[in-house]
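**Student:** Quick one, run18.txt (compact mmCIF, N, CA and C atoms):
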```
# COMPACT_ATOMS: atom_id res chain seq x y z
N MET A 1 0.84 -1.18 0.00
CA MET A 1 0.00 0.00 0.00
C MET A 1 0.89 1.24 0.00
N LYS A 2 0.42 2.24 -0.67
CA LYS A 2 1.17 3.49 -0.83
C LYS A 2 0.51 4.59 0.00
N SER A 3 1.31 5.32 0.74
CA SER A 3 0.76 6.45 1.49
C SER A 3 0.91 7.73 0.67
N LEU A 4 0.21 8.73 1.07
CA LEU A 4 0.28 10.02 0.39
C LEU A 4 1.69 10.58 0.44
N LYS A 5 2.42 10.22 1.47
CA LYS A 5 3.80 10.69 1.62
C LYS A 5 4.68 10.23 0.45
N ASN A 6 4.36 9.08 -0.16
CA ASN A 6 5.15 8.53 -1.25
C ASN A 6 4.54 8.78 -2.63
N ALA A 7 3.49 9.58 -2.70
CA ALA A 7 2.80 9.84 -3.97
C ALA A 7 3.61 10.79 -4.85
N LYS A 8 3.37 10.70 -6.14
CA LYS A 8 4.06 11.57 -7.11
C LYS A 8 3.25 12.85 -7.34
N VAL A 9 3.97 13.91 -7.56
CA VAL A 9 3.36 15.23 -7.77
C VAL A 9 2.65 15.26 -9.12
N GLY A 10 1.46 15.88 -9.15
CA GLY A 10 0.72 16.06 -10.39
C GLY A 10 -0.19 14.91 -10.76
N ARG A 11 -0.27 13.88 -9.95
CA ARG A 11 -1.11 12.73 -10.25
C ARG A 11 -2.35 12.70 -9.36
N PHE A 12 -3.38 12.06 -9.88
CA PHE A 12 -4.60 11.83 -9.12
C PHE A 12 -4.53 10.44 -8.50
N TYR A 13 -5.03 10.33 -7.29
CA TYR A 13 -5.11 9.05 -6.59
C TYR A 13 -6.49 8.93 -5.97
N THR A 14 -6.80 7.73 -5.50
CA THR A 14 -8.03 7.49 -4.76
C THR A 14 -7.65 7.05 -3.36
N ILE A 15 -8.28 7.63 -2.37
CA ILE A 15 -8.00 7.28 -0.98
C ILE A 15 -8.58 5.90 -0.70
N LYS A 16 -7.76 5.00 -0.21
CA LYS A 16 -8.22 3.67 0.14
C LYS A 16 -8.75 3.65 1.58
N LYS A 17 -7.95 4.21 2.49
CA LYS A 17 -8.35 4.26 3.91
C LYS A 17 -7.41 5.20 4.64
N LEU A 18 -7.72 5.44 5.89
CA LEU A 18 -6.82 6.17 6.77
C LEU A 18 -6.15 5.15 7.68
N SER A 19 -4.89 5.35 7.94
CA SER A 19 -4.10 4.39 8.69
C SER A 19 -4.68 4.13 10.08
N GLU A 20 -4.67 2.88 10.48
CA GLU A 20 -5.15 2.53 11.82
C GLU A 20 -4.14 2.92 12.90
N TYR A 21 -2.93 3.26 12.49
CA TYR A 21 -1.90 3.66 13.45
C TYR A 21 -1.89 5.17 13.71
N ALA A 22 -2.65 5.91 12.96
CA ALA A 22 -2.73 7.36 13.15
C ALA A 22 -3.55 7.66 14.40
N PRO A 23 -3.21 8.72 15.11
CA PRO A 23 -4.00 9.10 16.30
C PRO A 23 -5.45 9.41 15.92
N ASP A 24 -6.36 9.08 16.81
CA ASP A 24 -7.79 9.31 16.56
C ASP A 24 -8.09 10.78 16.27
N LYS A 25 -7.38 11.67 16.91
CA LYS A 25 -7.57 13.10 16.71
C LYS A 25 -7.29 13.49 15.25
N ILE A 26 -6.23 12.94 14.68
CA ILE A 26 -5.86 13.22 13.29
C ILE A 26 -6.89 12.60 12.34
N VAL A 27 -7.29 11.36 12.61
CA VAL A 27 -8.25 10.67 11.75
C VAL A 27 -9.58 11.42 11.70
N ARG A 28 -10.06 11.86 12.85
CA ARG A 28 -11.33 12.62 12.89
C ARG A 28 -11.21 13.91 12.10
N ARG A 29 -10.09 14.60 12.23
CA ARG A 29 -9.90 15.87 11.52
C ARG A 29 -9.84 15.64 10.01
N LEU A 30 -9.16 14.58 9.58
CA LEU A 30 -9.09 14.26 8.15
C LEU A 30 -10.47 13.93 7.59
N PHE A 31 -11.26 13.18 8.35
CA PHE A 31 -12.63 12.90 7.90
C PHE A 31 -13.44 14.18 7.79
N ASP A 32 -13.28 15.09 8.73
CA ASP A 32 -13.99 16.37 8.69
C ASP A 32 -13.59 17.20 7.47
N LEU A 33 -12.34 17.06 7.04
CA LEU A 33 -11.85 17.80 5.88
C LEU A 33 -12.21 17.13 4.55
N GLY A 34 -12.81 15.94 4.60
CA GLY A 34 -13.25 15.29 3.37
C GLY A 34 -12.36 14.18 2.88
N PHE A 35 -11.40 13.76 3.67
CA PHE A 35 -10.51 12.65 3.30
C PHE A 35 -11.19 11.34 3.66
N THR A 36 -12.11 10.91 2.81
CA THR A 36 -12.88 9.70 3.05
C THR A 36 -12.50 8.65 2.00
N PRO A 37 -12.73 7.37 2.30
CA PRO A 37 -12.42 6.32 1.32
C PRO A 37 -13.13 6.56 -0.02
N ASN A 38 -12.46 6.21 -1.09
CA ASN A 38 -12.93 6.34 -2.48
C ASN A 38 -13.00 7.79 -2.96
N GLN A 39 -12.44 8.71 -2.22
CA GLN A 39 -12.40 10.12 -2.63
C GLN A 39 -11.15 10.36 -3.47
N SER A 40 -11.29 11.12 -4.54
CA SER A 40 -10.16 11.45 -5.41
C SER A 40 -9.32 12.54 -4.76
N ILE A 41 -8.00 12.44 -4.92
CA ILE A 41 -7.07 13.39 -4.34
C ILE A 41 -5.94 13.63 -5.33
N LYS A 42 -5.46 14.86 -5.39
CA LYS A 42 -4.36 15.21 -6.29
C LYS A 42 -3.23 15.84 -5.48
N VAL A 43 -2.02 15.37 -5.73
CA VAL A 43 -0.84 15.96 -5.09
C VAL A 43 -0.38 17.10 -5.99
N ILE A 44 -0.45 18.31 -5.50
CA ILE A 44 -0.09 19.48 -6.29
C ILE A 44 1.40 19.80 -6.17
N ARG A 45 1.91 19.74 -4.96
CA ARG A 45 3.31 20.11 -4.76
C ARG A 45 3.84 19.50 -3.47
N LYS A 46 5.14 19.20 -3.47
CA LYS A 46 5.86 18.79 -2.27
C LYS A 46 6.96 19.81 -2.02
N SER A 47 7.30 20.00 -0.75
CA SER A 47 8.42 20.89 -0.46
C SER A 47 9.72 20.21 -0.87
N LEU A 48 10.77 20.97 -0.98
CA LEU A 48 12.04 20.43 -1.43
C LEU A 48 12.57 19.32 -0.53
N ILE A 49 12.36 19.45 0.75
CA ILE A 49 12.85 18.41 1.66
C ILE A 49 11.76 17.41 2.04
N GLY A 50 10.58 17.54 1.45
CA GLY A 50 9.50 16.57 1.64
C GLY A 50 8.80 16.63 2.98
N LYS A 51 8.83 17.77 3.65
CA LYS A 51 8.18 17.88 4.95
C LYS A 51 6.74 18.37 4.87
N THR A 52 6.37 19.05 3.78
CA THR A 52 4.99 19.53 3.62
C THR A 52 4.48 19.18 2.23
N PHE A 53 3.17 19.02 2.16
CA PHE A 53 2.51 18.64 0.92
C PHE A 53 1.35 19.58 0.66
N LEU A 54 1.13 19.88 -0.59
CA LEU A 54 -0.01 20.67 -1.02
C LEU A 54 -0.90 19.72 -1.82
N VAL A 55 -2.13 19.51 -1.35
CA VAL A 55 -3.03 18.55 -2.00
C VAL A 55 -4.38 19.20 -2.28
N GLU A 56 -5.06 18.64 -3.27
CA GLU A 56 -6.41 19.09 -3.62
C GLU A 56 -7.37 17.94 -3.39
N VAL A 57 -8.40 18.21 -2.61
CA VAL A 57 -9.43 17.22 -2.34
C VAL A 57 -10.77 17.94 -2.26
N ARG A 58 -11.78 17.39 -2.91
CA ARG A 58 -13.14 17.94 -2.92
C ARG A 58 -13.20 19.41 -3.34
N GLY A 59 -12.32 19.80 -4.27
CA GLY A 59 -12.38 21.14 -4.82
C GLY A 59 -11.63 22.21 -4.05
N TYR A 60 -10.95 21.87 -2.98
CA TYR A 60 -10.16 22.86 -2.27
C TYR A 60 -8.74 22.35 -2.07
N VAL A 61 -7.83 23.28 -1.84
CA VAL A 61 -6.41 22.96 -1.71
C VAL A 61 -5.99 23.21 -0.27
N LEU A 62 -5.22 22.29 0.28
CA LEU A 62 -4.70 22.49 1.62
C LEU A 62 -3.30 21.94 1.75
N SER A 63 -2.61 22.40 2.76
CA SER A 63 -1.25 21.99 3.03
C SER A 63 -1.25 21.11 4.27
N MET A 64 -0.35 20.11 4.28
CA MET A 64 -0.26 19.23 5.44
C MET A 64 1.18 18.78 5.64
N ARG A 65 1.48 18.40 6.86
CA ARG A 65 2.80 17.88 7.20
C ARG A 65 2.93 16.45 6.71
N SER A 66 4.17 16.00 6.60
CA SER A 66 4.42 14.65 6.12
C SER A 66 3.91 13.60 7.11
N SER A 67 3.91 13.92 8.40
CA SER A 67 3.40 12.96 9.39
C SER A 67 1.91 12.71 9.21
N VAL A 68 1.17 13.73 8.81
CA VAL A 68 -0.27 13.57 8.53
C VAL A 68 -0.46 12.87 7.19
N ALA A 69 0.34 13.23 6.20
CA ALA A 69 0.24 12.62 4.88
C ALA A 69 0.53 11.13 4.94
N ASP A 70 1.35 10.71 5.88
CA ASP A 70 1.68 9.29 6.03
C ASP A 70 0.48 8.48 6.52
N ALA A 71 -0.51 9.13 7.10
CA ALA A 71 -1.70 8.45 7.61
C ALA A 71 -2.74 8.19 6.52
N ILE A 72 -2.56 8.75 5.33
CA ILE A 72 -3.52 8.59 4.24
C ILE A 72 -3.01 7.52 3.28
N ILE A 73 -3.73 6.40 3.22
CA ILE A 73 -3.34 5.27 2.38
C ILE A 73 -4.08 5.37 1.06
N LEU A 74 -3.34 5.26 -0.05
CA LEU A 74 -3.89 5.40 -1.39
C LEU A 74 -3.97 4.07 -2.11
N ASN A 75 -4.88 3.97 -3.07
CA ASN A 75 -4.93 2.79 -3.94
C ASN A 75 -3.71 2.78 -4.84
N GLU A 76 -3.24 1.59 -5.17
CA GLU A 76 -2.08 1.47 -6.06
C GLU A 76 -2.37 1.98 -7.45
N GLY A 77 -3.55 1.71 -7.98
CA GLY A 77 -3.92 2.17 -9.31
C GLY A 77 -4.26 3.64 -9.29
N ASP A 78 -3.52 4.45 -10.03
CA ASP A 78 -3.80 5.89 -10.07
C ASP A 78 -4.15 6.28 -11.49
N LYS A 79 -4.71 7.46 -11.64
CA LYS A 79 -5.14 7.95 -12.95
C LYS A 79 -3.99 8.59 -13.68
```
Please rewrite the model in this file as structure tokens.
**Tutor:**
Amino acid sequence: MKSLKNAKVGRFYTIKKLSEYAPDKIVRRLFDLGFTPNQSIKVIRKSLIGKTFLVEVRGYVLSMRSSVADAIILNEGDK
């Protein structure tokens, strides 16, 4: 399984699930932001050292740390 942390920039992916090892606080916040299973997500940009990610989900763009991005598991098949 591939996490968002290992995704390539400029590609669309589908969220498979949120990691069971992520803290409940983070999982609840991600669900509130629209990171639900079978939702399409696009990686817009990564920082040079890979600590922050810019992603688009449900029509809006947000930034997240790599520790949070590691909690989002993606399907292997991408568009």
**Student:** Using the chain letters and numbers from this document, which residues of segment 26-70 of chain A does DSSP assign to strand (DSSP E or B), as a PyMOL selection string?
**Tutor:** chain A and resi 40-46+52-57+60-65
**Student:** Please measure the separation of atom C of Pro37 of chain A and atom C of Ile49 of chain A, giving the value in Å to one decimal.
**Tutor:**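 Separation of atom C of Pro37 of chain A and atom C of Ile49 of chain A: 27.2 Å.
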**Student:** Lys42 of chain A: which residues within 6.5 Å, counting only N, CA and C atoms, same-chain residues fewer than 6 positions away excluded, as a list in words?
**Tutor:**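 Final neighbour list, sorted by chain and number: Gly10, Arg11, Phe12, Tyr13, Leu54, Val55, Glu56 and Val57 of chain A.
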**Student:** With only N, CA and C atoms as the basis for distance, which of A:Lys17, A:Lys51, A:Lys2, A:Lys8 is at the shortest distance from Asn38 of chain A?
**Tutor:**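 Selected residue with least distance to Asn38 of chain A: A:Lys17.
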**Student:** So how far away is atom CA of Leu30 of chain A from atom N of Arg45 of chain A, in Å?
**Tutor:**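 A separation of 18.0 Å between them.
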**Student:** Taking into account all atoms listed in the file, which residue in the set A:Pro23, A:Leu18, A:Lys5, A:Arg29 is nearest to Arg65 of chain A?
**Tutor:**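 Going through A:Pro23, A:Leu18, A:Lys5, A:Arg29 one by one, the smallest distance to Arg65 of chain A is for A:Lys5.
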**Student:** State, in Å with one decimal place, the distance from atom C of Ser47 of chain A to atom N of Val27 of chain A.
**Tutor:** 23.4 Å
**Student:** With DSSP run on the backbone, what are the alpha helix (DSSP H) residues within chain A? I'd like them as a ChimeraX atom specification.
**Tutor:** /A:24-32,66-69
**Student:** Taking only C-alpha atoms into account, which of A:Ile41, A:Asn75, A:Met64, A:Ile26 comes nearest Val9 of chain A?
**Tutor:**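 That would be A:Ile41, the residue with the smallest distance to Val9 of chain A.
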**Student:** Restricting the calculation to only C-alpha atoms: of A:Leu62, A:Asp24, A:Glu76, A:Ser19, which residue gets closest to Val43 of chain A?
**Tutor:**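 With only C-alpha atoms as the atom set, the closest residue is A:Leu62.
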**Student:** So, with only C-alpha atoms as the atoms that count, which of A:Leu4, A:Ile44, A:Leu33, A:Ile15 lies closest to Ala71 of chain A?
**Tutor:**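 Of the candidates, the smallest distance to Ala71 of chain A is held by A:Leu4.
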**Student:** How big is the axis-aligned box around the listed atoms of segment 59-72 of chain A once 5 Å is added on each side, and where is its centre? Give both in Å to one decimal, as JSON.
**Tutor:**
```
{"center_x": -4.0, "center_y": 15.4, "center_z": 2.3, "size_x": 26.8, "size_y": 25.8, "size_z": 24.2}
```
